[in-house]
Amino acid sequence: MKKIYLTLFILLSIVFSSNSWASEYPTNDVCFKCHKKEQFLKGKSIHQPVKNKRCDKCHRPHASKYKKLLLVPEQETCTTCHKKLESKILNSKFAHDPALKNHCIRCHNPHSSKYNFLLNSSVQATCKTCHKKILTKKYQFVHKPYKDGNCLKCHNPHYSNDPRLLKKNPNQTCFSCHKKDNKLLKAHNGKTPKGECLLCHNPHGSNNKALLRPIKHKPFAAKNCKACHAQNAPKDEELCLQCHKDNLKTFQYTHNHLLGGYTQNTCLVCHNPHVAETKDLLVASPEHLCSSCHTTVYKQKREMLYFHPKRKFCLECHKAHGSNHPAMLRADGNKVCSRCHETQGKFSHPVGEKVLDPRNKQPMTCITCHEPMGTNYKYQLKMSGEAALCLECHKNY
Amino acid sequence: MLRMPQKLLETFAKISRSKLQAQPHGIRSYFSKRKKETDPKINLEKGCLQRSLLILLILSLILSSICNKAQAARFKYAFSLAKAPDGTPLHHPFSIFIDPKVKRIYVTDVANNRLVSYDFAGKPLKAFNAAGKLKGPIFMIKDENILWVVERPLNSLTLINLKDRIFKRNNLTWGRRPILVDRIATWGKNVVVLDRASGRVFLLNQYLEIQKIFPSKKLKTFNGIYDIKIKGNWLWGLENMSSKLYAFNLNDGSFHSLTLKKQMVVPVSFDIDSAGNIYVLDRDLKKVFVFDKKGNFKYSFLQEGFRPGQDLYPSNLVIYENYLFLVDEGNGRVDVWQR
């Protein structure tokens with residue numbers, strides 16, 4: 001019995017002593033002797049450590065290696081507590097750039113805010129700071145959540161399995177508000193729509209009724225549905241080739257994008273037969289469309305420091321149907337770059353058919369040294385330009 | 001130390017004694033047998049036979065373990081096929097074909113519009129361009145004096161009879177629609193053709209008439225075939241942008257499917273070794289993924305780069321006996337791996 005009493009005494013003394021340690025931390029009251037309290041406690045949402053009078057959770061009171069006397073670098077400060085969110089962002093298929101790079105304070109105020117989620121400003125204003133082009137467009141018909149500035153109704157600002165950072169899959173997102181009723185059937189000629197709603201409808205706004213996307217396929221614009229939906233019409237890519245006869249030749253290259261059998265009509269993997277945002281009637285912007293299959297390309301952007309500024313315009317350098325060049329480039333590794341980089345095309349490290357790479361005896365091109373899709377070295381070099389890259393070939397130097 | 005109570009020990013001893021007595025072939029009977037065996041009256045010949053049997057058993061065990069190890073041995077980079085006999089480098093090689101009868105390796109050198117042959121030591125033997133007629137050959141097969149070549153720019157399955165000097169281009173159709181000829185293979189006297197446009201495989205006779213189509217029925221989950229290999233009477237197919245393999249019986253059209261348990265990005269080619277291991281080449285990840293017979297992931301190898309044994313834009317993978325051939329379009333060579 002004596003032993004039990006002794007252990008109980010020790011345990012209790014530890015508990016009480018730990019409370020007494022906690023009281024030794026500098027509380028906000030000390031900090032607010034100099035720093036204006038109103039600045040940190042204004043608004044309806046207050047960050048938990050500020051609320052709990054624990055400035056020391058993020059800041060050192062005396063000195064620090066980091067800006068604003070932070071305990072750890074600014075980009076690591078938030079994730080010391082928000083670990084679950086960090087792991088979800090890192091393990092997700094697609095992530096919002098600022099969230100991925102831990103630039104949390106781009107959107108959030110670390111102390112307090114008059115907006116929900118400690119946002120710097122209203123949801124719409126916060127999104128608009130970067131997404132100016134999309135969010136300042138004016139439409140004749142506007143989707144209600146977009147009009148109300150309620151971006152978070154559909155989008156997850158941190159991570160998603162969808163490249164557009166939708167909260168759920170596209171149709172689930174739409175049908176979380178819209179009902180599958182007679183009204184919907186009526187609008188779709190009495191048939192239940194099978195595809196993805198976003199293929200035809202712009203979820204922000206449009207100058208067309210029913211938020212239809214602006215560029216229309218000729219038969220659709222002429223309301224000539226039977227041009228494609230006739231009873232005996234083929235259901236595979238032959239249907240498209242009936243009008244676009246010459247298009248088969250665009251696939252007659254060493255590399256082509258024809259994935260026969262991938263869907264009933266292979267053309268529909270990339271194209272929308274009704275309406276779209278682009279002249280090519282693509283189902284999404286090339287950046288999103290291409291990265292939905294070539295996920296490594298998205299990862300590369302996510303993980304690398306330097307990449308080509310026009311990287312998201314895939315079709316500037318790559319052909320969509322077929323090419324004789326690896327990576328389906330529009331021309332060889334020199335011509336494709338020197339269309340814009342004219343000076344480098346004429347005056348640079350020797351390149352061309354007569355200059356062979358000693359490692360593989362293949363002609364030197366711009367992409368022998370550069371990787372425009374993204375690298376961790378300046379000028380998108382494949383290795384460090386200080387020495388490592390040059391020493392690959394010039395060993396004696 | 002903990003001490004067992006005396007009563008518990010006594011009951012345990014009782015139980016064990018009773019068990020020994022109850023079992024006719026228990027420990028006691030074993031000891032009595034041993035006594036008989038050690039008896040000097042036992043025949044010497046019987047002992048020799050037993051010993052030799054034991055040695056044989058041990059030897060067979062050692063041999064089988066060596067064989068298993070050899071089968072499981074991984075491929076290592078051996079050498080590269082990078083030049084034609086005239087010393088010119090290959091430019092955008094795309095695929096290879098191995099003729100087991102004459103032990104030759106044939107490479108389609110697309111940008112140079114030619115076919116180049118090598119022996120198994122990697123020595124370039126001949127370059128062939130059909131007197132300058134060949135245009136962008138991406139795949140080829142050979143059966144004695146007959147060559148079938150896929151000329152992609154012309155969408156032609158071209159017949160070249162080396163003996164009779166015949167050069168004939170064929171544009172294939174299926175009903176009204178043209179077939180975009182891609183991978184080709186032989187099965188007896190038949191030609192097997194993969195149509196890139198439909199993702200289906202056609203079994204053609206020597207007059208290029210369609211005999212069978214794989215899959216013969218409309219399958220619910222079928223996403224089209226990207227690469228094919230023939231193993232005996234089975235046509236193996238790698239599904240478009242997925243980790244699924246189909247095996248079609250060329251005689252009756254029945255099929256099985258196998259899902260490989262590893263997510264890949266752009267799998268473009270595959271082959272199966274004699275032990276049943278499946279090797280899949282991913283063009284975007286620039287790696288070869290190895291799976292066992294059941295589709296379980298074992299390991300992956302290969303690294304992006306310019307040096308021999310590394311790859312830039314790999315396009316085709318073929319396994320023949322103890323060799324693994326990896327065509328690298330970006331580096332303009334075929335890397336030969338050996339085990």
# chains A, B, ... in the order shown; residues from 1 in each chain; ligands from 1
>>> interface_residues(of="chain A", to="chain B", cutoff="9 Å", atoms="only C-alpha atoms", output="ChimeraX atom specification")
/A:236-238,248-249,251-254,258-264,266,293-297,324-327,359-362
>>> select_by_dssp(residues="region 60-295 of chain A", states="alpha helix (DSSP H)", output="JSON, numbers by chain")
{"A": [74, 75, 76, 77, 83, 84, 85, 86, 87, 88, 89, 90, 91, 97, 98, 99, 100, 123, 124, 125, 126, 127, 128, 132, 133, 134, 135, 144, 145, 146, 147, 170, 171, 172, 173, 174, 175, 182, 183, 184, 185, 186, 187, 218, 219, 220, 221, 226, 227, 228, 229, 238, 239, 240, 241, 286, 287, 288, 289, 290, 291, 292, 293, 295]}
>>> residues_around(residues="region 105-118 of chain A", least_positions_apart="6", cutoff="10 Å", atoms="only C-alpha atoms", output="count of residues only")
28
>>> residues_around(residues="His201 (chain A)", least_positions_apart="2", cutoff="9 Å", atoms="only C-alpha atoms", output="list in words")
Cys197, Leu198, Leu199, Pro203, His204, Gly205, Ser206, Ala210, Leu211, Leu212, Arg213, Val275 and Ala276 of chain A
>>> write_last_selection(atoms="N, CA and C atoms", output="PDB file, in the first residue's frame")
ATOM      1  N   CYS A 197     -21.216  17.234 -67.194  1.00  0.00           N
ATOM      2  CA  CYS A 197     -21.945  18.501 -67.413  1.00  0.00           C
ATOM      3  C   CYS A 197     -21.004  19.608 -67.912  1.00  0.00           C
ATOM      4  N   LEU A 198     -19.775  19.611 -67.340  1.00  0.00           N
ATOM      5  CA  LEU A 198     -18.855  20.709 -67.647  1.00  0.00           C
ATOM      6  C   LEU A 198     -18.320  20.678 -69.082  1.00  0.00           C
ATOM      7  N   LEU A 199     -18.574  19.572 -69.791  1.00  0.00           N
ATOM      8  CA  LEU A 199     -18.130  19.526 -71.186  1.00  0.00           C
ATOM      9  C   LEU A 199     -18.881  20.577 -72.006  1.00  0.00           C
ATOM     10  N   PRO A 203     -19.321  26.610 -65.863  1.00  0.00           N
ATOM     11  CA  PRO A 203     -19.882  26.751 -64.517  1.00  0.00           C
ATOM     12  C   PRO A 203     -19.781  28.176 -63.959  1.00  0.00           C
ATOM     13  N   HIS A 204     -19.099  29.067 -64.654  1.00  0.00           N
ATOM     14  CA  HIS A 204     -19.017  30.460 -64.176  1.00  0.00           C
ATOM     15  C   HIS A 204     -20.073  31.328 -64.857  1.00  0.00           C
ATOM     16  N   GLY A 205     -20.076  31.296 -66.179  1.00  0.00           N
ATOM     17  CA  GLY A 205     -21.044  32.111 -66.902  1.00  0.00           C
ATOM     18  C   GLY A 205     -20.884  31.951 -68.391  1.00  0.00           C
ATOM     19  N   SER A 206     -21.822  32.493 -69.131  1.00  0.00           N
ATOM     20  CA  SER A 206     -21.764  32.391 -70.587  1.00  0.00           C
ATOM     21  C   SER A 206     -22.657  33.457 -71.211  1.00  0.00           C
ATOM     22  N   ALA A 210     -28.471  28.751 -70.735  1.00  0.00           N
ATOM     23  CA  ALA A 210     -28.105  27.479 -70.097  1.00  0.00           C
ATOM     24  C   ALA A 210     -26.598  27.364 -69.904  1.00  0.00           C
ATOM     25  N   LEU A 211     -25.947  28.494 -69.885  1.00  0.00           N
ATOM     26  CA  LEU A 211     -24.490  28.572 -69.664  1.00  0.00           C
ATOM     27  C   LEU A 211     -23.706  27.689 -70.641  1.00  0.00           C
ATOM     28  N   LEU A 212     -24.209  27.585 -71.875  1.00  0.00           N
ATOM     29  CA  LEU A 212     -23.507  26.755 -72.868  1.00  0.00           C
ATOM     30  C   LEU A 212     -22.199  27.415 -73.287  1.00  0.00           C
ATOM     31  N   ARG A 213     -21.222  26.624 -73.566  1.00  0.00           N
ATOM     32  CA  ARG A 213     -19.910  27.143 -73.968  1.00  0.00           C
ATOM     33  C   ARG A 213     -20.027  27.795 -75.346  1.00  0.00           C
ATOM     34  N   VAL A 275     -20.270  21.649 -77.996  1.00  0.00           N
ATOM     35  CA  VAL A 275     -19.754  23.014 -77.757  1.00  0.00           C
ATOM     36  C   VAL A 275     -18.447  22.953 -76.974  1.00  0.00           C
ATOM     37  N   ALA A 276     -17.663  24.027 -77.081  1.00  0.00           N
ATOM     38  CA  ALA A 276     -16.396  24.081 -76.340  1.00  0.00           C
ATOM     39  C   ALA A 276     -15.925  25.524 -76.211  1.00  0.00           C
TER      40      ALA A 276
END
>>> residues_around(residues="region 246-263 of chain B", least_positions_apart="3", cutoff="10 Å", atoms="only C-alpha atoms", output="PyMOL selection string")
chain B and resi 187+192+203+212-217+222+225+228-239+242-243+266-267+278+280+289-298
>>> write_last_selection(atoms="N, CA and C atoms", output="compact mmCIF listing (two decimals), in the first residue's frame")
# COMPACT_ATOMS: atom_id res chain seq x y z
N TRP B 187 2.04 -15.76 -86.89
CA TRP B 187 1.57 -16.97 -86.23
C TRP B 187 1.40 -18.01 -87.33
N VAL B 192 -0.39 -11.24 -87.93
CA VAL B 192 -1.24 -10.64 -86.90
C VAL B 192 -0.97 -9.14 -86.91
N LEU B 203 -6.31 -11.15 -87.34
CA LEU B 203 -5.53 -12.29 -87.79
C LEU B 203 -5.76 -12.41 -89.29
N LYS B 212 -9.76 -13.62 -88.36
CA LYS B 212 -10.37 -13.46 -87.03
C LYS B 212 -10.08 -12.06 -86.51
N ILE B 213 -10.93 -11.61 -85.58
CA ILE B 213 -10.71 -10.31 -84.93
C ILE B 213 -10.68 -10.54 -83.43
N PHE B 214 -9.74 -9.91 -82.76
CA PHE B 214 -9.65 -10.03 -81.29
C PHE B 214 -9.82 -8.66 -80.65
N PRO B 215 -10.67 -8.47 -79.68
CA PRO B 215 -11.61 -9.45 -79.18
C PRO B 215 -12.74 -9.64 -80.18
N SER B 216 -13.24 -10.88 -80.23
CA SER B 216 -14.29 -11.18 -81.22
C SER B 216 -15.62 -10.57 -80.81
N LYS B 217 -15.85 -10.50 -79.47
CA LYS B 217 -17.11 -9.93 -78.98
C LYS B 217 -16.84 -8.51 -78.48
N PHE B 222 -13.31 -3.27 -72.22
CA PHE B 222 -12.17 -3.27 -73.14
C PHE B 222 -11.83 -1.85 -73.61
N ILE B 225 -6.18 -2.22 -77.57
CA ILE B 225 -4.85 -2.80 -77.34
C ILE B 225 -3.77 -1.83 -77.85
N ILE B 228 1.30 -5.88 -78.81
CA ILE B 228 0.98 -7.32 -78.87
C ILE B 228 2.26 -8.16 -78.84
N LYS B 229 2.11 -9.40 -78.36
CA LYS B 229 3.18 -10.39 -78.44
C LYS B 229 2.51 -11.75 -78.63
N ILE B 230 3.15 -12.62 -79.42
CA ILE B 230 2.61 -13.97 -79.64
C ILE B 230 3.45 -14.96 -78.83
N LYS B 231 2.78 -15.77 -78.01
CA LYS B 231 3.46 -16.81 -77.24
C LYS B 231 2.72 -18.13 -77.49
N GLY B 232 3.27 -18.98 -78.34
CA GLY B 232 2.61 -20.23 -78.71
C GLY B 232 1.32 -19.92 -79.45
N ASN B 233 0.20 -20.47 -78.94
CA ASN B 233 -1.10 -20.22 -79.58
C ASN B 233 -1.85 -19.07 -78.92
N TRP B 234 -1.13 -18.29 -78.12
CA TRP B 234 -1.78 -17.20 -77.39
C TRP B 234 -1.30 -15.85 -77.90
N LEU B 235 -2.25 -14.96 -78.09
CA LEU B 235 -1.94 -13.57 -78.45
C LEU B 235 -2.09 -12.74 -77.19
N TRP B 236 -0.99 -12.14 -76.75
CA TRP B 236 -1.02 -11.29 -75.56
C TRP B 236 -1.16 -9.84 -76.01
N GLY B 237 -1.98 -9.08 -75.31
CA GLY B 237 -2.16 -7.66 -75.66
C GLY B 237 -2.14 -6.78 -74.43
N LEU B 238 -1.44 -5.66 -74.54
CA LEU B 238 -1.38 -4.67 -73.44
C LEU B 238 -2.44 -3.62 -73.72
N GLU B 239 -3.30 -3.37 -72.76
CA GLU B 239 -4.40 -2.43 -72.98
C GLU B 239 -3.91 -0.99 -72.98
N SER B 242 -3.41 1.48 -69.55
CA SER B 242 -3.86 0.81 -68.33
C SER B 242 -2.84 -0.25 -67.93
N SER B 243 -3.12 -0.90 -66.81
CA SER B 243 -2.21 -1.94 -66.33
C SER B 243 -2.84 -3.31 -66.55
N VAL B 266 2.22 5.83 -68.93
CA VAL B 266 2.03 5.55 -70.35
C VAL B 266 2.76 4.24 -70.69
N PRO B 267 2.18 3.07 -70.37
CA PRO B 267 2.83 1.82 -70.74
C PRO B 267 2.73 1.62 -72.25
N ILE B 278 6.46 -10.78 -66.21
CA ILE B 278 5.98 -9.81 -67.20
C ILE B 278 6.78 -8.52 -67.06
N VAL B 280 7.01 -4.60 -68.33
CA VAL B 280 6.25 -3.55 -68.99
C VAL B 280 7.09 -2.27 -69.04
N PHE B 289 8.89 -2.04 -65.59
CA PHE B 289 8.29 -2.59 -64.38
C PHE B 289 8.19 -4.11 -64.55
N VAL B 290 8.59 -4.85 -63.52
CA VAL B 290 8.59 -6.31 -63.60
C VAL B 290 7.51 -6.87 -62.66
N PHE B 291 6.71 -7.79 -63.21
CA PHE B 291 5.63 -8.41 -62.44
C PHE B 291 5.78 -9.93 -62.50
N ASP B 292 5.25 -10.62 -61.49
CA ASP B 292 5.26 -12.08 -61.55
C ASP B 292 4.06 -12.58 -62.36
N LYS B 293 3.91 -13.89 -62.45
CA LYS B 293 2.83 -14.50 -63.26
C LYS B 293 1.45 -14.00 -62.86
N LYS B 294 1.30 -13.73 -61.55
CA LYS B 294 -0.03 -13.34 -61.05
C LYS B 294 -0.26 -11.84 -61.15
N GLY B 295 0.73 -11.12 -61.68
CA GLY B 295 0.58 -9.68 -61.84
C GLY B 295 1.03 -8.88 -60.64
N ASN B 296 1.68 -9.56 -59.67
CA ASN B 296 2.19 -8.83 -58.50
C ASN B 296 3.47 -8.09 -58.88
N PHE B 297 3.58 -6.85 -58.46
CA PHE B 297 4.76 -6.04 -58.79
C PHE B 297 5.98 -6.58 -58.04
N LYS B 298 7.08 -6.77 -58.80
CA LYS B 298 8.30 -7.27 -58.16
C LYS B 298 9.32 -6.16 -57.98
>>> select_by_dssp(residues="region 149-343 of chain A", states="strand (DSSP E)", output="PyMOL selection string")
chain A and resi 159-160+205-206+215-216+255-256+275-276+322-323
>>> write_last_selection(atoms="N, CA and C atoms", output="CSV table (one decimal), in the first residue's frame")
chain,number,residue,atom,x,y,z
A,159,TYR,N,-6.6,21.1,-52.2
A,159,TYR,CA,-6.2,19.9,-53.0
A,159,TYR,C,-7.5,19.3,-53.6
A,160,SER,N,-7.3,18.4,-54.5
A,160,SER,CA,-8.4,17.7,-55.2
A,160,SER,C,-7.9,16.6,-56.1
A,205,GLY,N,-20.1,31.3,-66.2
A,205,GLY,CA,-21.0,32.1,-66.9
A,205,GLY,C,-20.9,32.0,-68.4
A,206,SER,N,-21.8,32.5,-69.1
A,206,SER,CA,-21.8,32.4,-70.6
A,206,SER,C,-22.7,33.5,-71.2
A,215,ILE,N,-18.2,28.2,-78.4
A,215,ILE,CA,-17.9,27.7,-79.8
A,215,ILE,C,-18.7,26.4,-80.1
A,216,LYS,N,-19.5,26.5,-81.1
A,216,LYS,CA,-20.4,25.4,-81.4
A,216,LYS,C,-19.9,24.6,-82.6
A,255,HIS,N,4.6,8.7,-84.2
A,255,HIS,CA,3.9,8.8,-82.9
A,255,HIS,C,2.6,9.4,-83.2
A,256,ASN,N,1.5,8.8,-82.7
A,256,ASN,CA,0.2,9.5,-82.8
A,256,ASN,C,-0.6,9.3,-81.5
A,275,VAL,N,-20.3,21.6,-78.0
A,275,VAL,CA,-19.8,23.0,-77.8
A,275,VAL,C,-18.4,23.0,-77.0
A,276,ALA,N,-17.7,24.0,-77.1
A,276,ALA,CA,-16.4,24.1,-76.3
A,276,ALA,C,-15.9,25.5,-76.2
A,322,GLY,N,-0.3,13.8,-84.4
A,322,GLY,CA,0.8,12.9,-84.7
A,322,GLY,C,2.0,13.7,-85.1
A,323,SER,N,3.2,13.1,-84.9
A,323,SER,CA,4.5,13.7,-85.2
A,323,SER,C,5.5,12.6,-85.4
>>> closest_residue(among="A:Ala320, A:Met373, A:Ala331, A:Val142", to="Gln300 (chain A)", atoms="only C-alpha atoms")
A:Met373
>>> residues_around(residues="Gly149 (chain A)", least_positions_apart="6", cutoff="9 Å", atoms="only C-alpha atoms", output="ChimeraX atom specification")
/A:122-125
>>> write_last_selection(atoms="C-alpha atoms", output="PDB file, in the first residue's frame")
ATOM      1  CA  SER A 122     -13.632  37.896 -48.976  1.00  0.00           C
ATOM      2  CA  VAL A 123     -13.442  34.532 -50.777  1.00  0.00           C
ATOM      3  CA  GLN A 124     -13.976  36.080 -54.209  1.00  0.00           C
ATOM      4  CA  ALA A 125     -11.507  38.907 -53.591  1.00  0.00           C
TER       5      ALA A 125
END
>>> closest_residue(among="A:Cys174, A:Cys151, A:Leu85, A:Ala387", to="His131 (chain A)", atoms="only C-alpha atoms")
A:Cys151
>>> atom_distance(atom1="CA of Asn396 (chain A)", atom2="CA of Lys346 (chain A)")
26.8 Å
